[in-house]
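Let me begin by presenting the structure, written as structure tokens, before commenting on it.
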Number of protein chains: 2
Amino acid sequence: MELLEKEIAKKGKVLPGNVLKVGDFLNHQMDASLLCAMADEVCKHFFCYGINKVLTVEASGIALAVLIAERLDCKMAFAKKSKALNADGDFYSAECVSFTRPDNNLIMLPKPYLLSTDKVLIVDDFLAVGNATNALRDMVKQAGATLCGITVAVEKGFQGGGDKIRADGIDLLSLAIVDEMNPDTGKIVFRKQ
Amino acid sequence: MELLEKEIAKKGKVLPGNVLKVGDFLNHQMDASLLCAMADEVCKHFFCYGINKVLTVEASGIALAVLIAERLDCKMAFAKKSKALNADGDFYSAECVSFTRPDNNLIMLPKPYLLSTDKVLIVDDFLAVGNATNALRDMVKQAGATLCGITVAVEKGFQGGGDKIRADGIDLLSLAIVDEMNPDTGKIVFRKQ
């Protein structure tokens, strides 16, 4: 998506350790008009699937997920990284080692929020090695629901998670794929799509 | 807001310990059409303030916050409950004891996401004693920004946080105010607005 690539090239910061900071406009402070354009693009791609559930994990995927759910006129649910005190009932849980928060390794979703009849679109802000999306795929499988596809704002192509998902035959829409980035020069190379 | 009160009366669960569970449709799994109607209502009320920044705290306030930012065509930022490994630079921080997660007591927001020129609307899903909204107000004050108002989906009126905010002369829009709820009968009494 050209608009997103331009914004990343202009405002993204490449830091050592494979970190691409886009918190100014994409996943911490958010430019609503950019996120809406992204949600429009996602819905154009996935419109024909009959999706009735958008699934993400807290916290930075929630904004894009709800804007997509608004456009698909369906429900959105997010997996949590820890259990609240007022949590009750049965949960799906899945292993998820976070790139930026290695201390959290389990995500949880109440079972009633993911049904075997659900047609699911998984949404997240970033895809690197694929830990979060794999954990969400695991939950979809546990529920016996149908996975229609996965969409992410930014795929870090050089970390391989996206290509593994494609090799599994899953419809993955990455709005921008970064194939190279250099913390010394700040240069970012996008994959042609 | 009549539609929200009806949904809470129909689907909300009153649990012991002042807990109102609305996770099925409001703040964990979310009914996008209901949230959009709520965002419309909020924007009608705050439209004339010239708001350019919607501020919330992760995670369950993010969805409503971004839908409001979409309608006000402005930016949204959320405070985090812990610091990510790729966090850099200066942060605002404020004490925030959570009702459902008492182990987290500090929220953080990078300073560039809240400027002295910002006209801010604070958004959250719940308002009880007011810990989260007070922490966000503290950040707005630290930044020297202008607080235009506060909006929440559900105010638990009997816990007093909302009335304290009103006593400070702040424009608070609570889309539903629960004045009584009974875990034995499940009965919920809303404040007439």
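Residues are referred to by chain and number: the chain letter is A, B, ... according to the order shown in the structure tokens, the number counts from 1 in that chain, and ligands are numbered separately from 1 in the order shown.
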
Can you list, as an mmCIF file with N, CA, C and O atoms, in the first residue's frame, every protein, DNA or RNA residue that comes within 12 Å of B:Asn52 when you count only C-alpha atoms, leaving out same-chain residues fewer than 3 positions away?
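Result file is result02.cif:
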```cif
data_model
loop_
_atom_site.group_PDB
_atom_site.id
_atom_site.type_symbol
_atom_site.label_atom_id
_atom_site.label_comp_id
_atom_site.auth_asym_id
_atom_site.auth_seq_id
_atom_site.Cartn_x
_atom_site.Cartn_y
_atom_site.Cartn_z
ATOM 1 N N MET A 30 -1.828 7.213 16.808
ATOM 2 C CA MET A 30 -2.336 6.763 15.518
ATOM 3 C C MET A 30 -2.984 7.895 14.750
ATOM 4 O O MET A 30 -3.775 8.655 15.305
ATOM 5 N N ASP A 31 -2.626 7.931 13.481
ATOM 6 C CA ASP A 31 -3.222 8.863 12.552
ATOM 7 C C ASP A 31 -4.506 8.200 12.046
ATOM 8 O O ASP A 31 -4.461 7.268 11.244
ATOM 9 N N ALA A 32 -5.678 8.661 12.530
ATOM 10 C CA ALA A 32 -6.933 7.968 12.225
ATOM 11 C C ALA A 32 -7.184 7.885 10.728
ATOM 12 O O ALA A 32 -7.669 6.862 10.240
ATOM 13 N N PHE B 46 -19.113 16.434 21.517
ATOM 14 C CA PHE B 46 -17.822 17.142 21.649
ATOM 15 C C PHE B 46 -17.361 17.830 20.356
ATOM 16 O O PHE B 46 -16.248 18.333 20.307
ATOM 17 N N PHE B 47 -18.225 17.819 19.342
ATOM 18 C CA PHE B 47 -17.809 18.294 18.022
ATOM 19 C C PHE B 47 -17.265 19.729 18.039
ATOM 20 O O PHE B 47 -16.289 20.047 17.364
ATOM 21 N N CYS B 48 -17.872 20.595 18.864
ATOM 22 C CA CYS B 48 -17.551 22.029 18.816
ATOM 23 C C CYS B 48 -16.263 22.403 19.564
ATOM 24 O O CYS B 48 -15.857 23.569 19.555
ATOM 25 N N TYR B 49 -15.618 21.431 20.189
ATOM 26 C CA TYR B 49 -14.437 21.752 21.006
ATOM 27 C C TYR B 49 -13.128 21.893 20.205
ATOM 28 O O TYR B 49 -12.122 22.293 20.763
ATOM 29 N N LEU B 55 -7.247 10.591 23.771
ATOM 30 C CA LEU B 55 -6.281 9.933 24.654
ATOM 31 C C LEU B 55 -6.973 8.852 25.471
ATOM 32 O O LEU B 55 -8.019 9.087 26.073
ATOM 33 N N ILE B 68 -13.803 7.212 17.660
ATOM 34 C CA ILE B 68 -14.049 8.648 17.885
ATOM 35 C C ILE B 68 -13.041 9.484 17.091
ATOM 36 O O ILE B 68 -13.407 10.462 16.430
ATOM 37 N N ALA B 69 -11.772 9.076 17.118
ATOM 38 C CA ALA B 69 -10.730 9.807 16.371
ATOM 39 C C ALA B 69 -11.031 9.797 14.876
ATOM 40 O O ALA B 69 -10.791 10.789 14.172
ATOM 41 N N GLU B 70 -11.561 8.668 14.379
ATOM 42 C CA GLU B 70 -11.957 8.588 12.964
ATOM 43 C C GLU B 70 -12.984 9.669 12.647
ATOM 44 O O GLU B 70 -12.862 10.401 11.665
ATOM 45 N N ARG B 71 -13.994 9.781 13.527
ATOM 46 C CA ARG B 71 -15.082 10.736 13.279
ATOM 47 C C ARG B 71 -14.642 12.187 13.479
ATOM 48 O O ARG B 71 -15.146 13.089 12.820
ATOM 49 N N LEU B 72 -13.709 12.421 14.410
ATOM 50 C CA LEU B 72 -13.211 13.791 14.637
ATOM 51 C C LEU B 72 -12.040 14.101 13.707
ATOM 52 O O LEU B 72 -11.518 15.215 13.720
ATOM 53 N N ASP B 73 -11.626 13.091 12.909
ATOM 54 C CA ASP B 73 -10.509 13.231 11.972
ATOM 55 C C ASP B 73 -9.260 13.764 12.684
ATOM 56 O O ASP B 73 -8.675 14.774 12.277
ATOM 57 N N CYS B 74 -8.889 13.075 13.762
ATOM 58 C CA CYS B 74 -7.728 13.531 14.532
ATOM 59 C C CYS B 74 -6.874 12.344 14.970
ATOM 60 O O CYS B 74 -7.135 11.215 14.584
ATOM 61 N N LYS B 75 -5.878 12.593 15.750
ATOM 62 C CA LYS B 75 -4.998 11.532 16.216
ATOM 63 C C LYS B 75 -5.516 10.906 17.508
ATOM 64 O O LYS B 75 -6.240 11.536 18.274
ATOM 65 N N MET B 76 -5.113 9.662 17.721
ATOM 66 C CA MET B 76 -5.438 8.958 18.970
ATOM 67 C C MET B 76 -4.136 8.423 19.522
ATOM 68 O O MET B 76 -3.286 7.954 18.770
ATOM 69 N N ALA B 77 -3.962 8.517 20.838
ATOM 70 C CA ALA B 77 -2.786 7.913 21.474
ATOM 71 C C ALA B 77 -3.242 7.186 22.724
ATOM 72 O O ALA B 77 -4.236 7.577 23.351
ATOM 73 N N TYR B 113 3.749 12.398 22.136
ATOM 74 C CA TYR B 113 2.364 12.094 21.760
ATOM 75 C C TYR B 113 1.347 12.987 22.467
ATOM 76 O O TYR B 113 0.143 12.857 22.259
ATOM 77 N N LEU B 114 1.825 13.881 23.311
ATOM 78 C CA LEU B 114 0.912 14.795 24.000
ATOM 79 C C LEU B 114 1.623 16.142 24.123
ATOM 80 O O LEU B 114 2.588 16.277 24.863
ATOM 81 N N LEU B 115 1.111 17.123 23.362
ATOM 82 C CA LEU B 115 1.794 18.412 23.258
ATOM 83 C C LEU B 115 0.999 19.495 23.983
ATOM 84 O O LEU B 115 -0.211 19.358 24.193
ATOM 85 N N SER B 116 1.685 20.570 24.326
ATOM 86 C CA SER B 116 1.013 21.661 25.051
ATOM 87 C C SER B 116 -0.073 22.308 24.184
ATOM 88 O O SER B 116 -1.002 22.919 24.704
ATOM 89 N N THR B 117 0.031 22.146 22.882
ATOM 90 C CA THR B 117 -0.970 22.720 21.969
ATOM 91 C C THR B 117 -2.181 21.805 21.770
ATOM 92 O O THR B 117 -3.145 22.201 21.103
ATOM 93 N N ASP B 118 -2.125 20.577 22.311
ATOM 94 C CA ASP B 118 -3.207 19.611 22.061
ATOM 95 C C ASP B 118 -4.488 19.968 22.811
ATOM 96 O O ASP B 118 -4.459 20.394 23.969
ATOM 97 N N LYS B 119 -5.608 19.761 22.102
ATOM 98 C CA LYS B 119 -6.943 19.859 22.726
ATOM 99 C C LYS B 119 -7.460 18.442 22.850
ATOM 100 O O LYS B 119 -7.774 17.783 21.851
ATOM 101 N N VAL B 120 -7.558 17.979 24.081
ATOM 102 C CA VAL B 120 -7.636 16.540 24.350
ATOM 103 C C VAL B 120 -9.032 16.098 24.805
ATOM 104 O O VAL B 120 -9.666 16.744 25.649
ATOM 105 N N LEU B 121 -9.466 14.970 24.242
ATOM 106 C CA LEU B 121 -10.624 14.250 24.771
ATOM 107 C C LEU B 121 -10.124 12.930 25.356
ATOM 108 O O LEU B 121 -9.512 12.123 24.648
ATOM 109 N N ILE B 122 -10.370 12.712 26.649
ATOM 110 C CA ILE B 122 -10.008 11.453 27.305
ATOM 111 C C ILE B 122 -11.160 10.456 27.137
ATOM 112 O O ILE B 122 -12.318 10.807 27.341
ATOM 113 N N ALA B 145 -1.346 20.573 28.151
ATOM 114 C CA ALA B 145 -2.355 20.536 27.090
ATOM 115 C C ALA B 145 -3.709 20.971 27.643
ATOM 116 O O ALA B 145 -3.872 21.141 28.856
ATOM 117 N N THR B 146 -4.681 21.172 26.749
ATOM 118 C CA THR B 146 -6.020 21.582 27.156
ATOM 119 C C THR B 146 -6.936 20.365 27.221
ATOM 120 O O THR B 146 -7.068 19.637 26.239
ATOM 121 N N LEU B 147 -7.567 20.154 28.366
ATOM 122 C CA LEU B 147 -8.525 19.065 28.492
ATOM 123 C C LEU B 147 -9.907 19.574 28.091
ATOM 124 O O LEU B 147 -10.489 20.423 28.773
ATOM 125 N N CYS B 148 -10.432 19.058 26.978
ATOM 126 C CA CYS B 148 -11.759 19.494 26.518
ATOM 127 C C CYS B 148 -12.866 18.722 27.209
ATOM 128 O O CYS B 148 -13.957 19.251 27.427
#
```

Find the residues of chain B that sit at most 9 Å from chain A; for each, write down the nearest two atoms and how far apart they are in Å, to one decimal. Count only C-alpha atoms. Sort by chain, then by number going up, and give it as a Markdown table.
```
| residue | atom | partner | partner_atom | distance |
| --- | --- | --- | --- | --- |
| B:Leu15 | CA | A:Asn86 | CA | 8.5 |
| B:Val19 | CA | A:Asn86 | CA | 7.1 |
| B:Leu20 | CA | A:Asn86 | CA | 8.9 |
| B:Lys21 | CA | A:Asn86 | CA | 7.8 |
| B:Asp24 | CA | A:Tyr113 | CA | 7.2 |
| B:Phe25 | CA | A:Lys75 | CA | 8.2 |
| B:Asn27 | CA | A:Ala77 | CA | 8.6 |
| B:His28 | CA | A:Ala77 | CA | 5.8 |
| B:Gln29 | CA | A:Ala77 | CA | 4.0 |
| B:Met30 | CA | A:Met76 | CA | 5.1 |
| B:Asp31 | CA | A:Lys75 | CA | 4.9 |
| B:Ala32 | CA | A:Glu70 | CA | 5.1 |
| B:Ser33 | CA | A:Asp73 | CA | 6.5 |
| B:Leu35 | CA | A:Glu70 | CA | 8.6 |
| B:Cys36 | CA | A:Glu70 | CA | 7.3 |
| B:Glu58 | CA | A:Ala59 | CA | 6.2 |
| B:Ala59 | CA | A:Ala59 | CA | 5.4 |
| B:Ser60 | CA | A:Ala59 | CA | 8.4 |
| B:Ile62 | CA | A:Ala63 | CA | 6.2 |
| B:Ala63 | CA | A:Ala63 | CA | 5.5 |
| B:Leu64 | CA | A:Val66 | CA | 8.6 |
| B:Ala65 | CA | A:Ala63 | CA | 8.3 |
| B:Val66 | CA | A:Ala63 | CA | 5.9 |
| B:Leu67 | CA | A:Leu67 | CA | 7.1 |
| B:Ala69 | CA | A:Ala32 | CA | 5.9 |
| B:Glu70 | CA | A:Ala32 | CA | 5.1 |
| B:Arg71 | CA | A:Ala32 | CA | 8.7 |
| B:Leu72 | CA | A:Ala32 | CA | 8.9 |
| B:Asp73 | CA | A:Ala32 | CA | 6.4 |
| B:Cys74 | CA | A:Ala32 | CA | 6.1 |
| B:Lys75 | CA | A:Asp31 | CA | 4.9 |
| B:Met76 | CA | A:Met30 | CA | 5.1 |
| B:Ala77 | CA | A:Gln29 | CA | 4.0 |
| B:Phe78 | CA | A:His28 | CA | 6.2 |
| B:Ala79 | CA | A:His28 | CA | 8.2 |
| B:Lys80 | CA | A:His28 | CA | 8.8 |
| B:Lys83 | CA | A:Arg101 | CA | 8.4 |
| B:Ala84 | CA | A:Thr100 | CA | 5.6 |
| B:Leu85 | CA | A:Thr100 | CA | 5.1 |
| B:Asn86 | CA | A:Thr100 | CA | 6.2 |
| B:Ala87 | CA | A:Lys21 | CA | 8.9 |
| B:Phe99 | CA | A:Leu85 | CA | 8.5 |
| B:Thr100 | CA | A:Leu85 | CA | 5.1 |
| B:Arg101 | CA | A:Ala84 | CA | 5.9 |
| B:Pro102 | CA | A:Leu85 | CA | 8.6 |
| B:Leu109 | CA | A:His28 | CA | 9.0 |
| B:Pro112 | CA | A:Asp24 | CA | 8.1 |
| B:Tyr113 | CA | A:Gln29 | CA | 6.3 |
```

*asked:* I'd like the contact shell of A:Val178 - 7 Å cut-off, only C-alpha atoms, skipping same-chain residues fewer than 4 positions apart - returned as an NGL selection string.
replied: :A and (155-157 or 188-191)

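With only C-alpha atoms as the basis for measurement, B:Val154 is the residue among B:Val154, B:Ile177, B:Val42, B:Ala37 that approaches B:Asp125 most closely.
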
*Near A:Lys187, counting only C-alpha atoms, which residues have an atom at most 8 Å away, once you skip same-chain residues fewer than 5 positions from it, shown as a ChimeraX atom specification?*
/A:9,14,180-182

File dump, residues just selected, N, CA, C and O atoms, as a short mmCIF file (atom, residue, chain, number, x, y, z; two decimals), in the first residue's frame:
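Contents of the output file out.cif:
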```
data_model
loop_
_atom_site.label_atom_id
_atom_site.label_comp_id
_atom_site.auth_asym_id
_atom_site.auth_seq_id
_atom_site.Cartn_x
_atom_site.Cartn_y
_atom_site.Cartn_z
N ALA A 9 8.47 5.31 5.27
CA ALA A 9 9.74 5.84 4.77
C ALA A 9 10.03 7.21 5.37
O ALA A 9 11.17 7.56 5.69
N VAL A 14 14.47 3.33 12.11
CA VAL A 14 15.11 2.02 12.16
C VAL A 14 16.11 2.03 13.32
O VAL A 14 17.02 2.86 13.37
N GLU A 180 14.35 -5.01 3.72
CA GLU A 180 15.65 -4.62 4.29
C GLU A 180 15.48 -3.33 5.06
O GLU A 180 14.71 -2.45 4.64
N MET A 181 16.23 -3.20 6.14
CA MET A 181 16.29 -1.91 6.83
C MET A 181 17.64 -1.79 7.51
O MET A 181 18.18 -2.76 8.01
N ASN A 182 18.15 -0.58 7.49
CA ASN A 182 19.51 -0.35 7.96
C ASN A 182 19.54 0.69 9.09
O ASN A 182 19.23 1.86 8.85
#
```

*Quote the spacing between atom CA of B:Gly12 and atom CA of B:Asp163 in Å to one decimal place.*
23.0 Å

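For the pair atom CA of A:Asn18 and atom CA of A:Gln159, the separation is 8.9 Å.
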
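The smallest atom-to-atom distance between A:Leu172 and any of A:Leu127, A:Ala143, A:Met38, A:Ala132, using only C-alpha atoms, is found for A:Leu127.
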
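We find atom CA of B:Asp171 and atom CA of B:Gly149 to be spaced 4.8 Å apart.
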
*All helix (DSSP H, G or I) positions in stretch 30-150 of chain B, as a ChimeraX atom specification*: /B:32-49,62-72,111-113,131-143

If you run DSSP on this backbone, which residues of stretch 2-96 of chain A come out as strand (DSSP E), and could you give them as a PDB file with C-alpha atoms, in the first residue's frame?
```
ATOM      1  CA  LYS A  13      12.773   4.981  12.674  1.00  0.00           C
ATOM      2  CA  VAL A  14      15.114   2.022  12.163  1.00  0.00           C
ATOM      3  CA  LEU A  15      16.812   1.005  15.403  1.00  0.00           C
ATOM      4  CA  VAL A  19      13.349  -2.705  15.462  1.00  0.00           C
ATOM      5  CA  LEU A  20      11.221  -0.482  13.246  1.00  0.00           C
ATOM      6  CA  LYS A  21       9.568   2.270  15.283  1.00  0.00           C
ATOM      7  CA  GLN A  29      -0.110   7.327  18.515  1.00  0.00           C
ATOM      8  CA  MET A  30      -2.336   6.763  15.518  1.00  0.00           C
ATOM      9  CA  ASP A  31      -3.222   8.863  12.552  1.00  0.00           C
ATOM     10  CA  LYS A  53     -15.170 -12.148  13.351  1.00  0.00           C
ATOM     11  CA  VAL A  54     -12.036 -10.034  13.426  1.00  0.00           C
ATOM     12  CA  LEU A  55      -9.484 -11.396  15.886  1.00  0.00           C
ATOM     13  CA  THR A  56      -6.411  -9.629  17.263  1.00  0.00           C
ATOM     14  CA  VAL A  57      -4.246  -9.486  20.367  1.00  0.00           C
ATOM     15  CA  LYS A  75     -17.647  -8.436  15.707  1.00  0.00           C
ATOM     16  CA  MET A  76     -14.073  -7.950  16.882  1.00  0.00           C
ATOM     17  CA  ALA A  77     -12.424  -9.758  19.780  1.00  0.00           C
ATOM     18  CA  PHE A  78      -8.926  -9.492  21.175  1.00  0.00           C
ATOM     19  CA  ALA A  79      -6.818 -11.998  23.098  1.00  0.00           C
ATOM     20  CA  PHE A  91     -10.444 -19.718  27.961  1.00  0.00           C
ATOM     21  CA  TYR A  92      -8.460 -20.589  24.889  1.00  0.00           C
ATOM     22  CA  SER A  93      -4.797 -20.060  25.574  1.00  0.00           C
ATOM     23  CA  ALA A  94      -1.744 -20.126  23.302  1.00  0.00           C
ATOM     24  CA  GLU A  95       1.995 -19.581  23.610  1.00  0.00           C
TER      25      GLU A  95
END
```
